[in-house]
>>> print(open('query35.txt').read())   # compact mmCIF, C-alpha atoms
# COMPACT_ATOMS: atom_id res chain seq x y z
CA MET A 1282 -17.68 -31.97 95.48
CA ARG A 1283 -21.15 -31.75 96.96
CA CYS A 1284 -23.25 -34.79 97.85
CA ARG A 1285 -25.88 -34.05 95.20
CA LYS A 1286 -23.33 -34.01 92.39
CA VAL A 1287 -21.57 -37.09 93.75
CA ARG A 1288 -24.85 -39.02 93.79
CA SER A 1289 -25.54 -38.13 90.18
CA TYR A 1290 -22.25 -39.84 89.27
CA LEU A 1291 -22.55 -42.77 91.67
CA SER A 1292 -24.01 -45.29 89.24
CA ALA A 1293 -21.28 -44.52 86.69
CA TYR A 1294 -18.68 -44.65 89.48
CA CYS A 1295 -19.85 -48.11 90.52
CA ASN A 1296 -19.53 -49.30 86.89
CA ASP A 1297 -16.06 -47.76 86.49
CA GLU A 1298 -17.27 -45.52 83.69
CA LEU A 1299 -15.78 -42.23 84.88
CA THR A 1300 -12.46 -40.63 84.00
CA GLY A 1301 -9.59 -41.10 86.45
CA ARG A 1302 -9.76 -37.63 87.93
CA ARG A 1303 -13.49 -37.66 88.60
CA GLN A 1304 -13.32 -41.21 89.91
CA ALA A 1305 -10.67 -40.11 92.40
CA SER A 1306 -12.61 -37.06 93.61
CA ILE A 1307 -15.73 -39.18 94.19
CA ARG A 1308 -13.69 -41.82 96.04
CA GLU A 1309 -12.33 -39.07 98.22
CA HIS A 1310 -15.84 -37.75 98.97
CA LEU A 1311 -17.13 -41.23 99.80
CA GLY A 1312 -14.33 -41.60 102.34
CA ARG A 1313 -15.80 -38.85 104.46
CA CYS A 1314 -19.60 -39.02 103.75
CA ALA A 1315 -21.59 -41.89 105.28
CA ASP A 1316 -24.85 -41.07 103.43
CA CYS A 1317 -23.17 -41.20 100.06
CA ARG A 1318 -21.46 -44.46 101.03
CA ARG A 1319 -24.91 -45.92 101.76
CA GLU A 1320 -26.03 -44.84 98.29
CA GLU A 1321 -22.94 -46.36 96.76
CA ALA A 1322 -23.64 -49.65 98.51
CA PHE A 1323 -27.14 -49.59 97.12
CA PHE A 1324 -25.93 -49.06 93.55
CA ARG A 1325 -23.42 -51.87 93.92
CA GLU A 1326 -26.20 -54.17 95.11
CA LEU A 1327 -28.37 -53.13 92.21
CA ASN A 1328 -25.56 -53.85 89.74
CA GLY A 1329 -25.01 -57.23 91.32
CA SER A 1330 -28.73 -58.04 91.16
CA VAL A 1331 -29.05 -56.95 87.54
CA SER A 1332 -26.17 -59.18 86.52
CA THR A 1333 -27.90 -62.15 88.20
CA LEU A 1334 -31.16 -61.63 86.32
CA PRO A 1335 -32.11 -64.84 84.54
CA LYS A 1336 -31.18 -65.06 80.87
CA LEU A 1337 -34.37 -65.51 78.94
CA ARG A 1338 -34.49 -68.12 76.21
CA VAL A 1339 -36.67 -68.94 73.25
CA THR A 1340 -38.65 -72.18 73.18
CA ASP A 1341 -36.98 -75.38 72.00
CA ASP A 1342 -38.82 -75.62 68.68
CA PHE A 1343 -37.97 -72.04 67.74
CA ASN A 1344 -35.52 -73.02 64.96
CA THR A 1345 -37.94 -75.51 63.43
CA ARG A 1346 -40.79 -73.02 63.34
CA LEU A 1347 -38.56 -70.30 61.93
CA LEU A 1348 -37.12 -72.49 59.17
CA ASN A 1349 -40.61 -73.73 58.29
CA ARG A 1350 -41.81 -70.17 57.97
CA ILE A 1351 -38.88 -69.20 55.77
CA ALA A 1352 -39.42 -72.28 53.60
CA GLN A 1353 -43.10 -71.32 53.19
CA GLU A 1354 -42.18 -67.76 52.23
CA ARG A 1355 -39.61 -69.00 49.72
CA PHE A 1356 -42.20 -71.33 48.21
CA LYS A 1357 -44.69 -68.47 47.89
CA GLU A 1358 -42.05 -66.29 46.30
CA THR A 1359 -41.12 -68.98 43.77
CA ARG A 1360 -44.76 -69.57 42.91
CA THR A 1361 -45.38 -65.86 42.40
CA LYS A 1362 -42.32 -65.64 40.15
CA ALA A 1363 -43.61 -68.56 38.11
CA PHE A 1364 -46.96 -66.84 37.52
CA PHE A 1365 -45.55 -63.34 37.08
CA PRO A 1366 -42.07 -63.91 35.67
CA LYS A 1367 -40.94 -60.35 35.43
CA ARG A 1368 -42.69 -57.13 36.16
CA ALA A 1369 -42.44 -54.79 33.17
CA PRO A 1370 -40.74 -51.51 34.02
CA VAL A 1371 -42.84 -48.38 33.75
CA LEU A 1372 -40.76 -46.98 30.86
CA GLY A 1373 -39.13 -50.05 29.38
CA TRP A 1374 -38.56 -50.84 25.71
CA GLY A 1375 -41.86 -52.69 25.62
CA ARG A 1376 -43.78 -49.49 26.21
CA LEU A 1377 -41.34 -46.87 24.96
CA VAL A 1378 -41.03 -48.14 21.36
CA PRO A 1379 -44.78 -48.24 20.59
CA ALA A 1380 -45.22 -44.85 22.26
CA VAL A 1381 -42.45 -43.22 20.17
CA ALA A 1382 -43.75 -44.88 17.00
CA THR A 1383 -47.27 -43.55 17.68
CA VAL A 1384 -45.97 -40.02 18.26
CA CYS A 1385 -43.92 -40.18 15.03
CA LEU A 1386 -46.94 -41.36 13.04
CA VAL A 1387 -49.13 -38.58 14.45
CA LEU A 1388 -46.48 -35.94 13.68
CA ALA A 1389 -45.98 -37.28 10.14
CA PHE A 1390 -49.73 -37.18 9.55
CA VAL A 1391 -50.01 -33.60 10.84
CA PHE A 1392 -47.02 -32.20 8.90
CA SER A 1393 -47.94 -33.96 5.67
CA GLY A 1394 -51.21 -32.03 5.56
CA GLY A 1395 -53.41 -34.77 6.79
CA LEU A 1396 -55.46 -32.28 8.74
CA GLY A 1397 -56.53 -30.66 5.43
CA ILE A 1398 -59.65 -32.81 5.47
CA LEU A 1399 -60.73 -31.17 8.69
CA ASP A 1400 -59.91 -27.70 7.32
CA LYS A 1401 -62.02 -28.40 4.26
CA HIS A 1402 -64.87 -29.48 6.43
CA ASP A 1403 -64.73 -26.19 8.33
CA GLN A 1404 -64.79 -24.01 5.23
CA PRO A 1405 -68.07 -22.25 4.48
CA THR A 1406 -69.84 -23.69 1.54
CA MET A 1407 -69.56 -21.50 -1.47
CA LEU A 1408 -72.26 -21.09 -3.98
CA ALA A 1409 -72.13 -20.78 -7.69
CA ASN A 1410 -73.28 -17.21 -7.87
CA GLN A 1411 -71.78 -15.90 -4.66
CA ASP A 1412 -68.56 -13.98 -5.28
CA GLN A 1413 -67.27 -16.66 -7.54
CA GLY A 1414 -69.17 -15.78 -10.57
CA ASN A 1415 -66.17 -16.25 -12.82
CA GLN A 1416 -65.04 -19.50 -11.27
CA ASP A 1417 -65.61 -22.61 -13.21
CA MET A 1418 -68.52 -24.67 -11.97
CA ASP A 1419 -66.45 -27.84 -12.28
CA THR A 1420 -64.20 -26.71 -9.45
CA LEU A 1421 -67.01 -25.23 -7.41
CA TYR A 1422 -68.97 -28.42 -7.00
CA ARG A 1423 -66.07 -29.97 -5.24
CA ILE A 1424 -66.60 -27.79 -2.23
CA ILE A 1425 -70.36 -27.86 -2.19
CA GLN A 1426 -71.81 -30.05 0.52
CA PRO A 1427 -75.26 -30.89 -0.65
CA ASN A 1428 -75.99 -33.36 2.10
CA GLU A 1429 -74.71 -33.01 5.64
CA ASP A 1430 -74.46 -36.77 6.01
CA HIS A 1431 -71.64 -36.93 3.50
CA VAL A 1432 -68.24 -35.35 3.50
CA PHE A 1433 -67.80 -34.43 -0.05
CA THR A 1434 -64.21 -34.66 -1.20
CA ALA A 1435 -62.48 -34.84 -4.54
CA HIS A 1436 -61.03 -38.22 -3.65
CA SER A 1437 -64.30 -39.98 -3.02
CA THR A 1438 -64.90 -42.81 -5.38
CA ASN A 1439 -68.04 -44.35 -3.98
CA TRP A 1440 -71.62 -44.04 -5.17
CA ALA A 1441 -72.18 -40.97 -3.00
CA PHE A 1442 -69.50 -39.11 -4.94
CA GLU A 1443 -71.12 -39.88 -8.26
CA LYS A 1444 -74.47 -38.86 -6.89
CA GLN A 1445 -73.13 -35.53 -5.68
CA VAL A 1446 -71.41 -34.87 -9.00
CA ALA A 1447 -74.64 -35.49 -10.81
CA LYS A 1448 -76.50 -33.21 -8.44
CA ALA A 1449 -73.90 -30.48 -8.84
CA ASN A 1450 -74.14 -30.80 -12.60
CA ARG A 1451 -77.89 -30.40 -12.42
CA ILE A 1452 -77.47 -27.28 -10.33
CA ARG A 1453 -74.89 -25.88 -12.73
CA ASN A 1454 -77.13 -26.46 -15.71
CA LEU A 1455 -80.08 -24.96 -13.94
CA MET A 1456 -78.12 -21.89 -12.89
CA ASN A 1457 -76.75 -21.42 -16.37
CA GLN A 1458 -80.23 -21.78 -17.76
CA LEU A 1459 -81.64 -19.30 -15.27
CA ALA A 1460 -78.84 -16.85 -15.90
CA SER A 1461 -79.61 -16.90 -19.60
CA GLN A 1462 -83.25 -15.94 -18.97
CA SER A 1463 -83.98 -12.24 -19.16
CA SER A 1464 -86.84 -12.48 -16.67
CA PHE A 1465 -84.70 -14.11 -13.96
CA GLY A 1466 -84.53 -10.93 -11.90
CA ASN A 1467 -81.66 -9.70 -9.84
CA THR A 1468 -79.13 -12.52 -9.49
CA ALA A 1469 -77.12 -10.63 -6.90
CA GLN A 1470 -80.26 -10.13 -4.82
CA LEU A 1471 -81.05 -13.81 -5.12
CA ALA A 1472 -77.54 -14.80 -4.06
CA GLY A 1473 -77.55 -12.39 -1.10
CA SER A 1474 -80.90 -13.46 0.26
CA SER A 1475 -81.29 -15.39 3.48
CA TYR A 1476 -81.85 -18.54 1.55
CA TYR A 1477 -78.44 -18.51 -0.07
CA ASN A 1478 -76.10 -16.96 2.39
CA GLY A 1479 -76.02 -19.91 4.77
CA TYR A 1480 -74.03 -23.10 4.58
CA ARG A 1481 -76.91 -25.08 3.23
CA PRO A 1482 -76.72 -26.38 -0.31
CA MET A 1483 -78.72 -24.68 -2.96
CA MET A 1484 -81.49 -26.71 -4.39
CA ILE A 1485 -84.41 -25.23 -6.22
CA ILE A 1486 -87.28 -27.43 -7.09
CA LEU A 1487 -89.55 -25.99 -9.67
CA PRO A 1488 -93.18 -27.06 -9.76
CA LEU A 1489 -93.98 -28.51 -13.12
CA ASP A 1490 -96.84 -26.12 -13.82
CA ARG A 1491 -94.59 -23.07 -13.13
CA ARG A 1492 -91.58 -23.96 -15.25
CA THR A 1493 -92.13 -21.19 -17.71
CA PRO A 1494 -89.53 -18.76 -19.03
CA SER A 1495 -91.53 -15.84 -17.65
CA SER A 1496 -91.47 -17.06 -14.01
CA THR A 1497 -89.58 -15.12 -11.32
CA TYR A 1498 -87.56 -17.04 -8.75
CA THR A 1499 -87.32 -15.79 -5.19
CA SER A 1500 -86.33 -17.26 -1.88
CA GLN A 1501 -89.95 -18.15 -1.19
CA GLY A 1502 -90.41 -20.12 -4.35
CA VAL A 1503 -91.36 -19.34 -7.88
CA LEU A 1504 -93.75 -16.58 -8.68
CA THR A 1505 -95.60 -16.27 -11.90
CA ALA A 1506 -95.16 -13.16 -13.96
CA GLU A 1507 -98.54 -11.87 -12.77
CA GLU A 1508 -97.72 -12.43 -9.11
CA ALA A 1509 -94.37 -10.74 -9.53
CA GLN A 1510 -95.99 -7.66 -10.91
CA MET B 1060 -11.34 -56.64 72.18
CA LYS B 1061 -9.76 -59.54 70.31
CA ALA B 1062 -12.68 -61.77 71.23
CA LYS B 1063 -15.08 -59.17 69.86
CA GLU B 1064 -13.17 -59.00 66.58
CA SER B 1065 -13.28 -62.77 66.22
CA GLU B 1066 -17.06 -62.70 66.96
CA LYS B 1067 -17.48 -60.13 64.21
CA GLN B 1068 -15.47 -62.25 61.83
CA ILE B 1069 -17.62 -65.30 62.57
CA ASP B 1070 -20.74 -63.26 61.81
CA TYR B 1071 -19.26 -62.02 58.53
CA ASP B 1072 -18.33 -65.54 57.46
CA LEU B 1073 -21.81 -66.79 58.27
CA MET B 1074 -23.43 -63.93 56.37
CA GLU B 1075 -21.29 -64.62 53.33
CA ARG B 1076 -22.38 -68.23 53.37
CA ILE B 1077 -26.03 -67.20 53.88
CA GLN B 1078 -25.79 -64.89 50.89
CA GLY B 1079 -24.63 -67.90 48.92
CA GLY B 1080 -27.81 -69.75 49.96
CA ASP B 1081 -26.38 -71.86 52.81
CA MET B 1082 -29.25 -72.66 55.20
CA VAL B 1083 -26.94 -74.45 57.65
CA ALA B 1084 -25.06 -71.19 58.14
CA PHE B 1085 -28.38 -69.44 58.71
CA ASN B 1086 -29.31 -71.98 61.35
CA THR B 1087 -25.95 -71.38 63.07
CA LEU B 1088 -26.54 -67.65 63.02
CA VAL B 1089 -30.01 -68.16 64.54
CA ASP B 1090 -28.45 -70.22 67.32
CA ARG B 1091 -25.91 -67.49 68.02
CA TYR B 1092 -28.43 -64.67 68.35
CA LYS B 1093 -31.84 -66.06 69.27
CA ASP B 1094 -31.34 -66.00 73.05
CA ARG B 1095 -29.60 -62.63 73.09
CA LEU B 1096 -32.49 -61.11 71.15
CA MET B 1097 -35.07 -62.85 73.32
CA ASN B 1098 -33.35 -61.51 76.44
CA ILE B 1099 -33.66 -57.94 75.20
CA ILE B 1100 -37.05 -58.08 73.51
CA MET B 1101 -38.72 -59.93 76.37
CA ARG B 1102 -37.59 -57.18 78.74
CA MET B 1103 -39.00 -54.58 76.38
CA LEU B 1104 -42.38 -56.23 75.80
CA HIS B 1105 -42.89 -58.33 78.94
CA SER B 1106 -44.70 -61.02 77.00
CA SER B 1107 -42.86 -64.18 76.04
CA GLU B 1108 -45.16 -65.03 73.11
CA GLU B 1109 -44.94 -61.60 71.55
CA ALA B 1110 -41.20 -61.45 72.18
CA GLU B 1111 -40.71 -64.76 70.42
CA ASP B 1112 -42.79 -63.59 67.48
CA ILE B 1113 -40.64 -60.48 67.23
CA VAL B 1114 -37.44 -62.55 67.35
CA GLN B 1115 -38.79 -64.81 64.63
CA GLU B 1116 -39.77 -61.82 62.52
CA THR B 1117 -36.29 -60.38 63.02
CA PHE B 1118 -34.62 -63.50 61.61
CA CYS B 1119 -37.08 -63.54 58.70
CA ARG B 1120 -36.12 -59.95 57.89
CA VAL B 1121 -32.45 -60.82 58.14
CA TYR B 1122 -32.99 -63.67 55.69
CA GLN B 1123 -35.11 -61.58 53.30
CA HIS B 1124 -32.59 -58.72 53.24
CA ARG B 1125 -29.45 -60.84 53.46
CA ASP B 1126 -28.14 -59.41 50.21
CA SER B 1127 -28.43 -55.83 51.41
CA PHE B 1128 -26.21 -56.38 54.46
CA ASP B 1129 -23.28 -53.98 54.40
CA PHE B 1130 -20.05 -55.71 55.48
CA ARG B 1131 -18.57 -52.39 56.59
CA HIS B 1132 -20.94 -52.45 59.58
CA CYS B 1133 -21.20 -54.78 62.53
CA PHE B 1134 -23.72 -57.59 62.08
CA SER B 1135 -24.81 -57.53 65.73
CA THR B 1136 -25.66 -53.82 65.47
CA TRP B 1137 -27.74 -54.54 62.37
CA ILE B 1138 -29.74 -57.39 63.89
CA TYR B 1139 -30.30 -55.58 67.21
CA THR B 1140 -31.53 -52.51 65.32
CA ILE B 1141 -34.03 -54.60 63.34
CA ALA B 1142 -35.28 -56.34 66.48
CA LEU B 1143 -35.64 -53.14 68.51
CA ASN B 1144 -37.43 -51.34 65.69
CA LEU B 1145 -39.92 -54.20 65.53
CA ALA B 1146 -40.31 -54.09 69.31
CA ARG B 1147 -40.87 -50.34 69.19
CA ASN B 1148 -43.57 -50.79 66.56
CA GLU B 1149 -45.22 -53.39 68.76
CA LEU B 1150 -45.17 -51.04 71.75
CA ARG B 1151 -46.66 -48.29 69.61
CA LYS B 1152 -49.45 -50.64 68.52
CA ARG B 1153 -50.13 -51.51 72.13
CA LYS B 1154 -50.53 -47.85 73.01
CA ARG B 1155 -53.08 -47.49 70.24
CA PHE B 1156 -55.08 -50.61 71.07
CA LYS B 1157 -55.03 -51.69 74.63
CA PHE B 1158 -56.98 -54.89 75.26
CA THR B 1159 -57.14 -56.33 78.71
CA ASP B 1160 -58.91 -59.43 79.84
CA ILE B 1161 -60.46 -58.56 83.16
CA PHE B 1162 -60.32 -62.16 84.36
CA ASP B 1163 -56.59 -62.39 83.59
CA MET B 1164 -56.02 -59.03 85.22
CA GLN B 1165 -57.74 -60.15 88.38
CA GLY B 1166 -55.48 -63.18 88.58
CA LYS B 1167 -52.33 -61.18 87.90
CA GLU B 1168 -53.24 -58.53 90.42
CA ALA B 1169 -53.39 -61.21 93.04
CA GLU B 1170 -50.03 -62.62 91.91
CA ILE B 1171 -48.36 -59.23 91.90
CA ALA B 1172 -49.73 -58.47 95.33
CA VAL B 1173 -48.26 -61.72 96.64
CA GLU B 1174 -44.91 -61.00 94.99
CA MET B 1175 -44.75 -57.49 96.39
CA GLU B 1176 -45.20 -58.92 99.82
CA LEU B 1177 -42.21 -61.20 99.34
CA PRO B 1178 -38.97 -59.25 99.76
CA SER B 1179 -36.90 -62.33 98.96
CA ASN B 1180 -37.65 -62.16 95.20
CA LEU B 1181 -35.30 -59.34 94.23
CA PRO B 1182 -34.83 -60.17 90.50
CA LYS B 1183 -38.61 -60.10 90.01
CA ALA B 1184 -38.77 -56.80 91.84
CA ILE B 1185 -36.19 -55.39 89.45
CA GLU B 1186 -38.14 -56.71 86.45
CA THR B 1187 -41.32 -55.11 87.77
CA ALA B 1188 -39.55 -51.82 88.37
CA LEU B 1189 -38.03 -51.99 84.89
CA GLU B 1190 -41.49 -52.37 83.37
CA ASN B 1191 -42.51 -49.07 84.88
CA ILE B 1192 -39.77 -46.84 83.54
CA PRO B 1193 -40.19 -45.06 80.18
CA GLU B 1194 -39.36 -46.99 77.03
CA LYS B 1195 -36.33 -44.95 75.89
CA TYR B 1196 -34.58 -45.28 79.27
CA ARG B 1197 -35.53 -48.93 79.53
CA MET B 1198 -34.06 -49.70 76.12
CA ALA B 1199 -30.76 -48.00 76.94
CA PHE B 1200 -30.58 -49.76 80.31
CA VAL B 1201 -31.37 -53.19 78.87
CA LEU B 1202 -28.78 -52.89 76.11
CA ARG B 1203 -26.08 -51.54 78.35
CA ASP B 1204 -26.56 -53.17 81.76
CA ILE B 1205 -28.39 -56.39 80.96
CA GLN B 1206 -26.96 -57.19 77.53
CA GLU B 1207 -23.63 -55.55 78.46
CA LEU B 1208 -23.05 -53.95 75.08
CA PRO B 1209 -20.53 -51.11 74.84
CA TYR B 1210 -21.91 -47.58 74.87
CA GLU B 1211 -20.77 -46.99 71.28
CA GLU B 1212 -22.79 -49.92 70.00
CA VAL B 1213 -25.85 -48.88 71.99
CA ALA B 1214 -25.56 -45.43 70.42
CA LYS B 1215 -25.45 -46.97 66.95
CA ILE B 1216 -28.37 -49.31 67.64
CA MET B 1217 -30.55 -46.56 69.08
CA ASN B 1218 -29.27 -44.05 66.52
CA ILE B 1219 -28.58 -41.37 69.13
CA PRO B 1220 -25.39 -39.61 70.27
CA LEU B 1221 -23.05 -41.31 72.73
CA GLY B 1222 -23.60 -38.64 75.39
CA THR B 1223 -27.37 -39.15 75.18
CA VAL B 1224 -26.92 -42.90 75.72
CA LYS B 1225 -24.80 -42.32 78.83
CA SER B 1226 -27.32 -39.86 80.17
CA ARG B 1227 -30.24 -42.22 79.53
CA VAL B 1228 -28.52 -45.18 81.16
CA ASN B 1229 -27.65 -43.06 84.18
CA ARG B 1230 -31.22 -41.79 84.37
CA ALA B 1231 -32.62 -45.32 84.10
CA ARG B 1232 -30.41 -46.48 86.98
CA ALA B 1233 -31.54 -43.55 89.11
CA MET B 1234 -35.20 -44.34 88.33
CA LEU B 1235 -34.71 -47.98 89.28
CA ARG B 1236 -32.98 -46.91 92.43
CA GLU B 1237 -35.95 -44.73 93.40
CA LYS B 1238 -38.46 -47.46 92.65
CA LEU B 1239 -36.52 -50.08 94.54
CA ARG B 1240 -35.52 -47.93 97.54
CA PRO B 1241 -38.17 -49.25 99.97
CA ARG B 1242 -37.50 -52.82 98.85
CA MET B 1243 -33.76 -52.42 99.28
CA GLU B 1244 -34.18 -51.02 102.73
CA GLU B 1245 -36.12 -54.14 103.62
CA TYR B 1246 -33.33 -56.24 102.15
CA ASN B 1247 -30.76 -54.36 104.13
CA ALA B 1248 -32.74 -54.86 107.32
CA LEU B 1249 -33.14 -58.54 106.51
CA SER B 1250 -29.49 -58.99 105.56
CA LYS B 1251 -28.40 -57.60 108.90
CA GLY B 1252 -30.19 -60.53 110.54
CA THR B 1253 -28.55 -63.13 108.28
CA LEU B 1254 -25.09 -63.72 106.95
CA LEU B 1255 -26.29 -64.32 103.36
CA PRO B 1256 -25.48 -61.76 100.67
CA VAL B 1257 -28.45 -59.70 99.46
CA SER B 1258 -28.40 -61.15 95.96
CA LEU B 1259 -29.13 -64.60 97.30
CA LEU B 1260 -32.16 -63.53 99.28
>>> encode(input="query35.txt", output="structure tokens")
Amino acid sequence: MRCRKVRSYLSAYCNDELTGRRQASIREHLGRCADCRREEAFFRELNGSVSTLPKLRVTDDFNTRLLNRIAQERFKETRTKAFFPKRAPVLGWGRLVPAVATVCLVLAFVFSGGLGILDKHDQPTMLANQDQGNQDMDTLYRIIQPNEDHVFTAHSTNWAFEKQVAKANRIRNLMNQLASQSSFGNTAQLAGSSYYNGYRPMMIILPLDRRTPSSTYTSQGVLTAEEAQ
Amino acid sequence: MKAKESEKQIDYDLMERIQGGDMVAFNTLVDRYKDRLMNIIMRMLHSSEEAEDIVQETFCRVYQHRDSFDFRHCFSTWIYTIALNLARNELRKRKRFKFTDIFDMQGKEAEIAVEMELPSNLPKAIETALENIPEKYRMAFVLRDIQELPYEEVAKIMNIPLGTVKSRVNRARAMLREKLRPRMEEYNALSKGTLLPVSLL
């Protein structure tokens, strides 16, 4: 064995940490190499010095300070538990049950046709004379929305409902009256004009001085028979 | 070997009592380990105040996590691991923030210079040399040669293979040997003139 390799094992050799065979070969080398013996002596001195290093100790009041600290932490912990007894789990029964109940209610509402109100609101307003000439006026007024501030439904029972019914009746009577007049003009043209084809409710206000059977009604207003000619 | 087994059994009994809320058992456990931990941590940090804080923190952690102790493992390995992890964190913090009081440093420089001139103070020379070797070698050396733990336990504490522990300890000894070579030569020269053994000089 060469000196370099022997020296790499010397510290382990001095601590008896090598296997028997290697220990023996190093011992044999040391018997004939003075330099390596000097190194060995050094390592043995180092080992001896390390074992005589003073044992360091904690201060005398270490236990007292430690137990005080632990007592303080336990007190804090107890106090926190008293204020916040138990942290609710993220998905515990307390949150899960209301969440499931809410989902069930929403699903029941959707599948029972509850969204029909919204559908009705989206429907275009139909007019008495527009493609539903044969339909009864009593059913038509239910889908007319005369005022955009009110959602007009068949189930309304408040004063607004009565008001709308009355208004629809007035319109129906007026339309029937106009339809019976021979000088009314082209009803289809009237219904297809820009005034009627929107979603706005139909409301015709006749000036008192022009409410004559010979008047012609257009989208701009009421023309007298002379003006119409 | 038998003594070690009985030591382990004592630790297990104490831990069982601590888990049952026995503070007297905890105090006994503190007495058993406080100086061993201080001996290691002080040599890692080289500051008695910080080392004592770390030892205190280690016992607090042991108390806090007493219920999570696994009786299949050795208690000493567990407590040494906690303490050395805390010491490592402290060393990492020091690297990040290094504060030095220039007045203290001036005083210490003078002290160190005086010590270096005195060849008779060999243990202090070893401590100084130990401070200047890298942390991973120092830790292995302290656990093995100063605390005299078996290699297997050092491997478990440091969470590295057994072969790596042996290599690190060997490397640490070689580093110390290089750092102390001039000092040892002085000792040898001095010891030739006296009949006292080197360790007493």
>>> atom_distance(input="query35.txt", atom1="atom CA of B:Arg1240", atom2="atom CA of A:Pro1335")
21.6 Å
>>> closest_atom_pairs(input="query35.txt", of="stretch 1196-1236 of chain B", to="stretch 1295-1313 of chain A", cutoff="12 Å", atoms="all atoms listed in the file", output="Markdown table")
| residue | atom | partner | partner_atom | distance |
| --- | --- | --- | --- | --- |
| B:Arg1203 | CA | A:Asn1296 | CA | 11.0 |
| B:Asp1204 | CA | A:Asn1296 | CA | 9.5 |
| B:Glu1207 | CA | A:Asn1296 | CA | 11.3 |
| B:Pro1209 | CA | A:Glu1298 | CA | 11.0 |
| B:Tyr1210 | CA | A:Glu1298 | CA | 10.2 |
| B:Lys1225 | CA | A:Glu1298 | CA | 9.5 |
| B:Val1228 | CA | A:Asn1296 | CA | 11.4 |
| B:Asn1229 | CA | A:Asn1296 | CA | 10.6 |
| B:Arg1232 | CA | A:Asn1296 | CA | 11.2 |
>>> interface_residues(input="query35.txt", of="chain A", to="chain B", cutoff="10 Å", atoms="only C-alpha atoms", output="PDB file with C-alpha atoms, in the frame of the given file")
ATOM      1  CA  ARG A1288     -24.850 -39.020  93.790  1.00  0.00           C
ATOM      2  CA  SER A1289     -25.540 -38.130  90.180  1.00  0.00           C
ATOM      3  CA  TYR A1290     -22.250 -39.840  89.270  1.00  0.00           C
ATOM      4  CA  LEU A1291     -22.550 -42.770  91.670  1.00  0.00           C
ATOM      5  CA  SER A1292     -24.010 -45.290  89.240  1.00  0.00           C
ATOM      6  CA  ALA A1293     -21.280 -44.520  86.690  1.00  0.00           C
ATOM      7  CA  ASN A1296     -19.530 -49.300  86.890  1.00  0.00           C
ATOM      8  CA  GLU A1298     -17.270 -45.520  83.690  1.00  0.00           C
ATOM      9  CA  GLU A1320     -26.030 -44.840  98.290  1.00  0.00           C
ATOM     10  CA  PHE A1323     -27.140 -49.590  97.120  1.00  0.00           C
ATOM     11  CA  PHE A1324     -25.930 -49.060  93.550  1.00  0.00           C
ATOM     12  CA  GLU A1326     -26.200 -54.170  95.110  1.00  0.00           C
ATOM     13  CA  LEU A1327     -28.370 -53.130  92.210  1.00  0.00           C
ATOM     14  CA  ASN A1328     -25.560 -53.850  89.740  1.00  0.00           C
ATOM     15  CA  GLY A1329     -25.010 -57.230  91.320  1.00  0.00           C
ATOM     16  CA  SER A1330     -28.730 -58.040  91.160  1.00  0.00           C
ATOM     17  CA  VAL A1331     -29.050 -56.950  87.540  1.00  0.00           C
ATOM     18  CA  SER A1332     -26.170 -59.180  86.520  1.00  0.00           C
ATOM     19  CA  THR A1333     -27.900 -62.150  88.200  1.00  0.00           C
ATOM     20  CA  LEU A1334     -31.160 -61.630  86.320  1.00  0.00           C
ATOM     21  CA  PRO A1335     -32.110 -64.840  84.540  1.00  0.00           C
ATOM     22  CA  LYS A1336     -31.180 -65.060  80.870  1.00  0.00           C
ATOM     23  CA  LEU A1337     -34.370 -65.510  78.940  1.00  0.00           C
ATOM     24  CA  ARG A1338     -34.490 -68.120  76.210  1.00  0.00           C
ATOM     25  CA  VAL A1339     -36.670 -68.940  73.250  1.00  0.00           C
ATOM     26  CA  THR A1340     -38.650 -72.180  73.180  1.00  0.00           C
ATOM     27  CA  PHE A1343     -37.970 -72.040  67.740  1.00  0.00           C
ATOM     28  CA  ASN A1344     -35.520 -73.020  64.960  1.00  0.00           C
ATOM     29  CA  THR A1345     -37.940 -75.510  63.430  1.00  0.00           C
ATOM     30  CA  ARG A1346     -40.790 -73.020  63.340  1.00  0.00           C
ATOM     31  CA  LEU A1347     -38.560 -70.300  61.930  1.00  0.00           C
ATOM     32  CA  LEU A1348     -37.120 -72.490  59.170  1.00  0.00           C
ATOM     33  CA  ARG A1350     -41.810 -70.170  57.970  1.00  0.00           C
ATOM     34  CA  ILE A1351     -38.880 -69.200  55.770  1.00  0.00           C
ATOM     35  CA  GLU A1354     -42.180 -67.760  52.230  1.00  0.00           C
ATOM     36  CA  ARG A1355     -39.610 -69.000  49.720  1.00  0.00           C
TER      37      ARG A1355
END
>>> closest_residue(input="query35.txt", among="B:Leu1189, B:Ser1106, B:Phe1134, B:Glu1066", to="B:Arg1153", atoms="all atoms listed in the file")
B:Ser1106
>>> atom_distance(input="query35.txt", atom1="atom CA of B:Glu1064", atom2="atom CA of B:Gly1222")
24.5 Å
>>> closest_residue(input="query35.txt", among="B:Lys1063, B:Arg1131, B:Arg1147, B:Arg1227", to="B:Phe1200", atoms="all atoms listed in the file")
B:Arg1227
>>> closest_residue(input="query35.txt", among="B:Tyr1092, B:Lys1238, B:Val1213, B:Gln1078", to="B:Thr1187", atoms="all atoms listed in the file")
B:Lys1238
